[in-house]
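K.L.:
Next comes input-v2.tsv, TSV, C-alpha atoms:
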chain	number	residue	atom	x	y	z
A	1	MET	CA	43.83	87.09	61.12
A	2	PRO	CA	41.11	85.08	59.32
A	3	LEU	CA	37.63	86.49	58.85
A	4	LYS	CA	35.27	85.56	61.67
A	5	VAL	CA	31.50	85.85	61.80
A	6	LYS	CA	29.05	85.40	64.67
A	7	VAL	CA	25.63	84.10	63.66
A	8	ALA	CA	22.15	83.78	65.12
A	9	GLY	CA	19.15	82.40	63.28
A	10	LYS	CA	15.58	81.28	63.77
A	11	THR	CA	12.73	79.94	61.65
A	12	ASP	CA	9.10	79.88	62.76
A	13	LYS	CA	5.98	78.56	61.05
A	14	GLY	CA	3.96	81.59	62.16
A	15	LEU	CA	0.43	81.56	63.52
A	16	VAL	CA	-1.57	80.50	60.44
A	17	ARG	CA	0.36	77.92	58.40
A	18	SER	CA	0.24	74.27	59.49
A	19	GLY	CA	3.84	73.63	58.42
A	20	ASN	CA	7.09	75.46	57.74
A	21	GLU	CA	8.34	75.63	54.16
A	22	ASP	CA	11.23	77.99	55.05
A	23	TYR	CA	14.69	76.53	55.55
A	24	LEU	CA	17.45	78.05	57.64
A	25	HIS	CA	21.01	77.28	56.49
A	26	LEU	CA	23.85	78.07	58.91
A	27	ASP	CA	27.32	76.85	57.88
A	28	ALA	CA	29.76	78.54	60.25
A	29	GLU	CA	32.62	76.30	59.12
A	30	ASN	CA	32.51	77.70	55.56
A	31	ASN	CA	31.00	81.09	56.53
A	32	VAL	CA	28.01	80.44	54.26
A	33	PHE	CA	24.49	81.35	55.35
A	34	ALA	CA	21.16	81.21	53.52
A	35	VAL	CA	17.41	81.59	53.82
A	36	CYS	CA	15.22	79.53	51.49
A	37	ASP	CA	11.45	80.07	51.26
A	38	GLY	CA	9.76	77.13	49.57
A	39	MET	CA	6.53	77.01	47.60
A	40	GLY	CA	4.35	74.21	46.27
A	41	GLY	CA	1.53	71.97	47.46
A	42	HIS	CA	1.70	68.66	49.35
A	43	GLN	CA	4.75	69.84	51.33
A	44	ALA	CA	6.70	70.27	48.09
A	45	GLY	CA	7.83	73.72	49.18
A	46	GLU	CA	9.49	72.21	52.22
A	47	VAL	CA	11.24	69.69	49.95
A	48	ALA	CA	12.41	72.42	47.58
A	49	SER	CA	13.86	74.71	50.25
A	50	MET	CA	15.60	71.83	52.03
A	51	LEU	CA	17.02	70.43	48.78
A	52	ALA	CA	18.36	73.84	47.74
A	53	ALA	CA	20.08	74.38	51.09
A	54	ASP	CA	21.45	70.83	51.12
A	55	THR	CA	22.95	71.32	47.65
A	56	ILE	CA	24.68	74.53	48.74
A	57	GLN	CA	26.02	72.77	51.85
A	58	THR	CA	27.39	69.82	49.86
A	59	VAL	CA	29.06	72.07	47.30
A	60	PHE	CA	30.92	74.11	49.92
A	61	SER	CA	31.82	71.16	52.13
A	62	HIS	CA	32.90	68.59	49.55
A	63	PHE	CA	33.06	69.99	45.99
A	64	ASN	CA	34.57	73.44	46.36
A	65	LYS	CA	37.87	72.85	44.56
A	66	PRO	CA	36.57	70.62	41.72
A	67	LEU	CA	33.80	73.07	40.88
A	68	LEU	CA	36.14	76.06	41.00
A	69	ASP	CA	38.66	74.26	38.80
A	70	ASP	CA	36.16	73.17	36.12
A	71	PRO	CA	36.68	75.53	33.13
A	72	LYS	CA	33.41	74.34	31.56
A	73	LEU	CA	31.45	76.06	34.34
A	74	ASP	CA	32.84	79.51	33.55
A	75	LEU	CA	30.46	82.23	34.78
A	76	GLY	CA	31.69	84.86	32.37
A	77	LYS	CA	32.49	87.19	35.29
A	78	PRO	CA	35.72	87.44	37.35
A	79	LEU	CA	34.24	86.70	40.78
A	80	PRO	CA	36.22	85.91	43.95
A	81	ALA	CA	36.40	82.23	44.87
A	82	SER	CA	33.64	82.29	47.50
A	83	GLY	CA	31.34	84.28	45.23
A	84	GLU	CA	31.98	82.03	42.26
A	85	LEU	CA	31.29	78.93	44.32
A	86	LEU	CA	28.14	80.45	45.83
A	87	THR	CA	26.74	81.28	42.41
A	88	LYS	CA	27.57	77.83	41.03
A	89	ALA	CA	25.98	76.23	44.09
A	90	ILE	CA	22.76	78.21	43.57
A	91	ARG	CA	22.65	77.21	39.91
A	92	LEU	CA	23.11	73.56	40.89
A	93	ALA	CA	20.40	73.97	43.53
A	94	ASN	CA	18.06	75.22	40.83
A	95	ARG	CA	18.76	72.14	38.71
A	96	ALA	CA	18.39	69.84	41.72
A	97	VAL	CA	14.93	71.20	42.59
A	98	TYR	CA	13.83	71.28	38.94
A	99	ASN	CA	14.94	67.70	38.28
A	100	ALA	CA	13.34	66.46	41.50
A	101	ALA	CA	10.01	67.93	40.39
A	102	LEU	CA	10.30	66.21	37.02
A	103	GLU	CA	10.96	62.86	38.71
A	104	ASP	CA	7.98	63.16	41.09
A	105	PRO	CA	4.72	64.46	39.52
A	106	SER	CA	3.28	65.17	42.96
A	107	LYS	CA	5.95	67.87	43.36
A	108	ALA	CA	5.43	69.49	39.94
A	109	GLY	CA	5.79	73.25	40.13
A	110	MET	CA	7.65	73.31	43.42
A	111	GLY	CA	10.28	75.95	43.91
A	112	THR	CA	12.06	78.10	46.46
A	113	THR	CA	13.55	81.52	46.85
A	114	VAL	CA	17.09	81.84	48.14
A	115	VAL	CA	19.19	84.63	49.60
A	116	ALA	CA	22.70	83.57	50.55
A	117	THR	CA	25.95	85.09	51.76
A	118	ALA	CA	29.51	83.81	51.68
A	119	PHE	CA	32.12	85.70	53.73
A	120	GLU	CA	35.80	85.82	52.78
A	121	ALA	CA	38.78	88.06	53.72
A	122	ASP	CA	37.10	91.49	54.15
A	123	PHE	CA	34.05	91.13	51.93
A	124	VAL	CA	30.79	89.25	51.65
A	125	SER	CA	29.29	87.82	48.48
A	126	VAL	CA	25.52	88.14	48.34
A	127	ALA	CA	23.48	86.12	45.84
A	128	HIS	CA	19.73	85.79	45.57
A	129	VAL	CA	16.79	84.57	43.52
A	130	GLY	CA	13.26	85.59	44.51
A	131	ASP	CA	12.00	87.90	47.25
A	132	SER	CA	13.93	86.79	50.33
A	133	ARG	CA	16.21	89.66	51.27
A	134	ALA	CA	19.61	90.70	52.61
A	135	TYR	CA	20.26	93.92	54.53
A	136	ARG	CA	23.16	95.68	56.22
A	137	LEU	CA	22.19	97.18	59.56
A	138	GLU	CA	23.79	100.60	59.91
A	139	GLU	CA	23.57	103.14	62.73
A	140	LYS	CA	20.77	105.21	61.18
A	141	ALA	CA	19.19	102.93	58.57
A	142	LEU	CA	18.67	99.46	57.20
A	143	VAL	CA	20.43	99.25	53.82
A	144	PRO	CA	18.95	96.78	51.29
A	145	LEU	CA	21.54	94.62	49.51
A	146	THR	CA	19.05	92.81	47.27
A	147	LYS	CA	16.12	93.80	45.06
A	148	ASP	CA	13.08	91.53	44.97
A	149	HIS	CA	12.36	89.46	41.88
A	150	SER	CA	8.65	90.14	42.12
A	151	TRP	CA	5.80	91.57	40.08
A	152	ILE	CA	5.29	94.44	42.53
A	153	GLN	CA	9.00	95.36	42.40
A	154	GLU	CA	8.78	95.57	38.61
A	155	ILE	CA	5.74	97.86	38.95
A	156	GLN	CA	7.62	100.05	41.43
A	157	ASP	CA	10.60	100.29	39.09
A	158	SER	CA	8.55	101.02	35.96
A	159	GLU	CA	5.89	103.31	37.47
A	160	ASN	CA	8.14	104.98	40.05
A	161	ILE	CA	5.72	104.45	42.95
A	162	SER	CA	6.57	104.14	46.63
A	163	GLN	CA	6.64	100.98	48.70
A	164	ASN	CA	3.60	102.20	50.65
A	165	GLU	CA	1.63	102.76	47.46
A	166	ALA	CA	2.64	99.36	46.13
A	167	SER	CA	1.56	97.62	49.35
A	168	SER	CA	-2.11	98.07	48.40
A	169	PHE	CA	-1.76	96.31	45.04
A	170	VAL	CA	-3.44	92.96	44.45
A	171	GLY	CA	-0.93	90.24	43.59
A	172	LYS	CA	1.93	91.94	45.36
A	173	ASN	CA	3.29	88.55	46.53
A	174	VAL	CA	3.75	87.15	43.02
A	175	ILE	CA	7.45	86.46	42.42
A	176	THR	CA	9.00	86.50	38.96
A	177	ARG	CA	12.06	84.38	39.72
A	178	ALA	CA	12.63	81.30	41.89
A	179	LEU	CA	14.77	78.17	42.05
A	180	GLY	CA	13.33	75.04	40.48
A	181	VAL	CA	10.47	76.41	38.42
A	182	ARG	CA	12.55	76.49	35.23
A	183	GLY	CA	15.51	74.49	34.04
A	184	ASN	CA	17.85	77.47	34.14
A	185	VAL	CA	17.98	80.57	36.30
A	186	GLU	CA	19.28	84.14	36.51
A	187	VAL	CA	21.16	84.89	39.73
A	188	ASP	CA	21.74	88.39	41.08
A	189	TYR	CA	25.11	88.81	42.77
A	190	ARG	CA	27.07	91.55	44.50
A	191	ILE	CA	30.16	92.06	46.67
A	192	VAL	CA	30.13	94.21	49.80
A	193	LYS	CA	33.24	95.19	51.73
A	194	VAL	CA	32.96	94.47	55.46
A	195	LYS	CA	34.66	95.59	58.64
A	196	PRO	CA	34.56	94.41	62.26
A	197	GLY	CA	31.24	95.28	63.84
A	198	ASP	CA	29.19	95.15	60.64
A	199	ILE	CA	25.82	93.43	61.05
A	200	PHE	CA	23.86	91.79	58.23
A	201	ILE	CA	20.31	90.46	58.24
A	202	LEU	CA	18.81	87.82	55.95
A	203	CYS	CA	15.08	87.14	55.98
A	204	SER	CA	12.19	85.50	54.18
A	205	ASP	CA	9.16	87.52	53.09
A	206	GLY	CA	7.37	86.32	56.20
A	207	LEU	CA	9.12	89.34	57.72
A	208	CYS	CA	9.72	91.86	54.92
A	209	GLY	CA	6.35	91.11	53.32
A	210	PHE	CA	4.56	92.45	56.41
A	211	ALA	CA	6.85	95.29	57.50
A	212	ASP	CA	8.72	97.96	55.57
A	213	ASP	CA	12.44	98.59	55.89
A	214	ASP	CA	12.04	101.46	58.36
A	215	GLU	CA	9.90	99.33	60.66
A	216	ILE	CA	12.38	96.44	60.52
A	217	PHE	CA	15.18	98.89	61.31
A	218	GLU	CA	13.40	100.33	64.36
A	219	VAL	CA	12.80	96.87	65.84
A	220	ALA	CA	16.35	95.67	65.10
A	221	ARG	CA	17.80	98.87	66.61
A	222	LYS	CA	16.07	98.15	69.93
A	223	ALA	CA	18.20	95.01	70.26
A	224	ASP	CA	21.28	97.22	70.77
A	225	ARG	CA	23.42	95.20	68.33
A	226	ASP	CA	22.78	91.88	70.08
A	227	ILE	CA	22.28	89.53	67.13
A	228	GLU	CA	20.41	86.93	69.21
A	229	GLN	CA	17.95	89.62	70.29
A	230	ILE	CA	17.70	91.00	66.75
A	231	VAL	CA	16.52	87.61	65.52
A	232	GLU	CA	14.07	87.13	68.40
A	233	TYR	CA	12.61	90.63	68.07
A	234	LEU	CA	12.12	90.38	64.29
A	235	VAL	CA	10.48	86.95	64.40
A	236	GLN	CA	8.22	88.20	67.19
A	237	MET	CA	7.39	91.27	65.10
A	238	ALA	CA	6.22	89.06	62.23
A	239	ASN	CA	4.01	87.04	64.55
A	240	ASP	CA	2.66	90.15	66.28
A	241	ARG	CA	1.44	91.27	62.86
A	242	GLY	CA	-0.64	88.16	62.44
A	243	GLY	CA	1.97	85.51	61.68
A	244	GLN	CA	0.31	84.85	58.33
A	245	ASP	CA	3.42	83.29	56.81
A	246	ASN	CA	6.45	81.27	57.83
A	247	VAL	CA	9.22	83.61	58.93
A	248	THR	CA	12.98	83.09	58.97
A	249	VAL	CA	15.66	85.53	60.11
A	250	ILE	CA	19.45	85.30	60.26
A	251	ALA	CA	21.63	87.98	61.89
A	252	LEU	CA	25.38	88.02	61.22
A	253	GLU	CA	28.08	90.07	62.92
A	254	VAL	CA	31.58	90.39	61.47
A	255	THR	CA	34.14	90.22	64.28
A	256	ASP	CA	37.51	89.97	62.46
A	257	VAL	CA	38.64	90.49	58.86
A	258	PHE	CA	41.66	89.92	56.69
A	259	GLU	CA	42.32	92.91	54.42
A	260	SER	CA	42.20	92.36	50.66
A	261	PRO	CA	42.56	94.70	47.68
A	262	LEU	CA	39.12	93.74	46.36
A	263	PRO	CA	36.83	96.78	45.94
A	264	ASP	CA	33.05	96.94	46.12
A	265	VAL	CA	31.34	96.09	42.84
A	266	ASP	CA	27.90	96.75	41.42
A	267	VAL	CA	25.22	94.10	41.19
A	268	TYR	CA	25.71	91.50	38.49
A	269	THR	CA	22.83	89.60	36.98
A	270	LEU	CA	24.42	86.37	35.87
A	271	PRO	CA	22.52	85.16	32.78
A	272	GLU	CA	20.68	81.88	32.44
A	273	GLU	CA	22.70	78.83	31.47
A	274	ASN	CA	22.63	77.54	27.88
A	275	GLU	CA	21.83	73.92	27.02
A	276	GLU	CA	25.49	72.86	27.02
A	277	LEU	CA	26.04	74.30	30.49
A	278	LEU	CA	22.88	72.65	31.80
A	279	GLU	CA	24.20	69.24	30.70
A	280	ILE	CA	27.46	69.92	32.55
A	281	GLU	CA	25.54	70.92	35.69
A	282	ASP	CA	23.48	67.73	35.50
A	283	ASP	CA	26.72	65.74	35.31
A	284	TRP	CA	27.91	67.48	38.47
A	285	LEU	CA	24.61	66.79	40.20
A	286	ALA	CA	25.00	63.10	39.36
A	287	LYS	CA	28.46	63.16	40.96
A	288	ILE	CA	27.09	64.91	44.04
A	289	LYS	CA	24.26	62.39	44.34
A	290	ALA	CA	26.64	59.45	44.01
A	291	PHE	CA	28.92	60.99	46.61
A	292	LYS	CA	26.09	61.51	49.08
A	293	ASN	CA	24.91	57.92	48.61
A	294	ASN	CA	28.36	56.72	49.63
A	295	LEU	CA	29.31	59.12	52.39
A	296	PRO	CA	32.00	57.60	54.66
A	297	GLU	CA	30.16	59.13	57.63
A	298	LYS	CA	27.26	56.77	57.03
A	299	LYS	CA	29.57	53.78	57.27
A	300	LYS	CA	31.17	55.26	60.39
A	301	VAL	CA	27.78	55.78	61.99
A	302	ALA	CA	26.82	52.19	61.16
A	303	ALA	CA	30.10	50.94	62.60
A	304	GLN	CA	29.63	53.04	65.71
A	305	LYS	CA	26.12	51.69	66.15
A	306	SER	CA	27.42	48.15	65.70
A	307	GLU	CA	30.27	48.75	68.14
A	308	SER	CA	27.91	50.38	70.60
A	309	GLY	CA	25.56	47.42	70.32
A	310	GLY	CA	28.46	45.04	70.89
A	311	ASN	CA	29.58	46.98	73.93
A	312	ARG	CA	26.08	46.91	75.40
A	313	LEU	CA	25.91	43.12	74.85
A	314	THR	CA	29.27	42.62	76.59
A	315	ILE	CA	28.20	44.72	79.56
A	316	SER	CA	24.92	42.80	79.82
A	317	LEU	CA	26.75	39.44	79.84
A	318	ILE	CA	29.18	40.61	82.54
A	319	PHE	CA	26.29	41.87	84.64
A	320	MET	CA	24.43	38.55	84.28
A	321	ILE	CA	27.55	36.60	85.24
A	322	PHE	CA	28.02	38.83	88.27
A	323	ILE	CA	24.41	38.19	89.37
A	324	ILE	CA	24.81	34.43	88.95
A	325	ILE	CA	28.05	34.43	90.99
A	326	ALA	CA	26.41	36.54	93.72
A	327	VAL	CA	23.44	34.17	93.90
A	328	LEU	CA	25.75	31.13	94.12
A	329	ILE	CA	27.80	32.74	96.90
A	330	ILE	CA	24.67	33.51	98.91
A	331	TYR	CA	23.32	30.00	98.28
A	332	PHE	CA	26.46	28.18	99.44
A	333	SER	CA	27.04	30.51	102.39
A	334	GLN	CA	23.62	29.54	103.79
A	335	ARG	CA	24.26	25.79	103.58
Now, as a test, write the supplied structure out as structure tokens.
P.N.:
Amino acid sequence: MPLKVKVAGKTDKGLVRSGNEDYLHLDAENNVFAVCDGMGGHQAGEVASMLAADTIQTVFSHFNKPLLDDPKLDLGKPLPASGELLTKAIRLANRAVYNAALEDPSKAGMGTTVVATAFEADFVSVAHVGDSRAYRLEEKALVPLTKDHSWIQEIQDSENISQNEASSFVGKNVITRALGVRGNVEVDYRIVKVKPGDIFILCSDGLCGFADDDEIFEVARKADRDIEQIVEYLVQMANDRGGQDNVTVIALEVTDVFESPLPDVDVYTLPEENEELLEIEDDWLAKIKAFKNNLPEKKKVAAQKSESGGNRLTISLIFMIFIIIAVLIIYFSQR
């Protein structure tokens, strides 16, 4: 029986921001889900988050086998296929955002966080850059699956202070890692074994930046394992606390699995790419761009529009002829 996942997701601009720079990525066909939280002026954050998600989508939908088969893109770690592809997709997303900023000076400095999951067999690959988070919702607690790449997280780790103590620090929202701000990127990755009934939550810091893990757990628990309600309750929670930031939440429920011998593994931090690898990634991005510019679907849509237009013209002509005949019949019948 193949692995099956139910998904619910929502993104909301909040109560303060004029726009939404978060991006919600739901790919049920490939069992890949992601939250991207963009940053940058002049709507560049929105561009960055959308471009990152679009790159991940294109990789999984159209370039999965070529990218997995390319020995030049070796990660240096023996990851399962879905995890390897997810990590390569995030690296390519980083290059895509970085290159786009170089090409358009108005978008200089744009970037985005990403937290993404790819489900396969009886495990989920989790990869992230930045401070968007992944959790597993258990009966008595919310278990973090990611650790923020942020200045305040580094302070917590080095000074051994609590989350509550850290919450009062100035500059707590400063992140130390994001997609697009540098030419290469470190990606944190882990594998988690799953079973039917497991629930996972992905969110941007519009939620976890304004509520601690225990508070998120208490609100999610009230939904009684209904993933649609979990999403609604958590987004509402963020807005009830002032809605100062965009907020995005995805809830995922595993319904069926296919057993594999793969065990849980610890977190890997996959190192930054070297110059040679960056050139190879840029070559792949050029292929992806060329592919997207020549998608067969675009031609099909154009053909469908043309055919639809032709059909409408034919119907109009028939209707006009019918009216003319009716008028002639009435005219001659009265003579």
K.L.:
Tell me which of A:Ile56, A:Ala8, A:Ala290, A:Ile280 sits closest to A:Asp74, counting all atoms listed in the file.
P.N.:
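Smallest separation from A:Asp74 among the options: A:Ile280.
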K.L.:
Using only C-alpha atoms, pick whichever of A:Ala52, A:Ala118, A:Val16, A:Leu137 has the shortest atom-to-atom distance to A:Glu253.
P.N.:
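Closest residue, counting only C-alpha atoms: A:Leu137.
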K.L.:
Please compute the atom CA of A:Ala93-atom CA of A:Val174 distance, one decimal, in Å.
P.N.:
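These atoms are spaced 21.2 Å apart.
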K.L.:
Find, counting only C-alpha atoms, the residue in A:Pro271, A:Pro105, A:Pro196, A:Gly242 that gets nearest to A:Gly40.
P.N.:
A:Pro105
K.L.:
How many Å separate atom CA of A:Val47 from atom CA of A:His25?
P.N.:
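Atom CA of A:His25 lies 14.0 Å from atom CA of A:Val47.
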K.L.:
Calculate how many Å separate atom CA of A:Arg190 from atom CA of A:Thr117, rounding to one decimal.
P.N.:
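Calculated distance between atom CA of A:Arg190 and atom CA of A:Thr117 is 9.8 Å.
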K.L.:
Identify which of the residues A:Ala286, A:Tyr268, A:Asp37, A:Leu278 lies closest to A:Gly76, counting all atoms listed in the file when measuring atom-to-atom distances.
P.N.:
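When distances to A:Gly76 are compared using all atoms listed in the file, the smallest one comes from A:Tyr268.
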K.L.:
Neighbours of A:Asp282 within 12 Å (all atoms listed in the file; same-chain residues fewer than 4 positions away dropped), as a list in words?
P.N.:
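My list of contacting residues is Leu73, Arg91, Leu92, Ala93, Asn94, Arg95, Ala96, Val97, Tyr98, Asn99, Ala100, Gly183, Asn184, Glu273, Glu275, Glu276, Leu277, Leu278, Ala286, Lys287, Ile288 and Lys289 of chain A.
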K.L.:
Just the residues within 9 Å of A:Val219, please, counting all atoms listed in the file, with nothing from its chain fewer than 6 positions along; format it as a PyMOL selection string.
P.N.:
chain A and resi 230+233-234+237
K.L.:
Which one of A:Thr112, A:Thr58, A:Gln236, A:Gln156 sits closest to A:Lys10 if you count only C-alpha atoms?
P.N.:
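Among the listed residues, A:Gln236 lies closest to A:Lys10.
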K.L.:
Rank A:Leu102, A:Leu179, A:Ala251, A:Met39 by their smallest atom-to-atom distance to A:Ala220, using only C-alpha atoms, and report the top residue only.
P.N.:
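Selected residue with least distance to A:Ala220: A:Ala251.
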K.L.:
Leaving out A:Ala134 and any residue of its chain fewer than 4 positions from it, which residues lie within 8 Å of it when counting all atoms listed in the file, given as a ChimeraX atom specification?
P.N.:
/A:115,126,144-146,200-203
K.L.:
Let me know the centre plus edge lengths, in Å and rounded to one decimal, of a box with edges along x, y and z that contains all listed atoms of stretch 130-145 of chain A and is padded by 5 Å on every side, as lines of an AutoDock Vina configuration file.
P.N.:
center_x = 17.9
center_y = 95.4
center_z = 53.6
size_x = 21.8
size_y = 29.6
size_z = 28.2
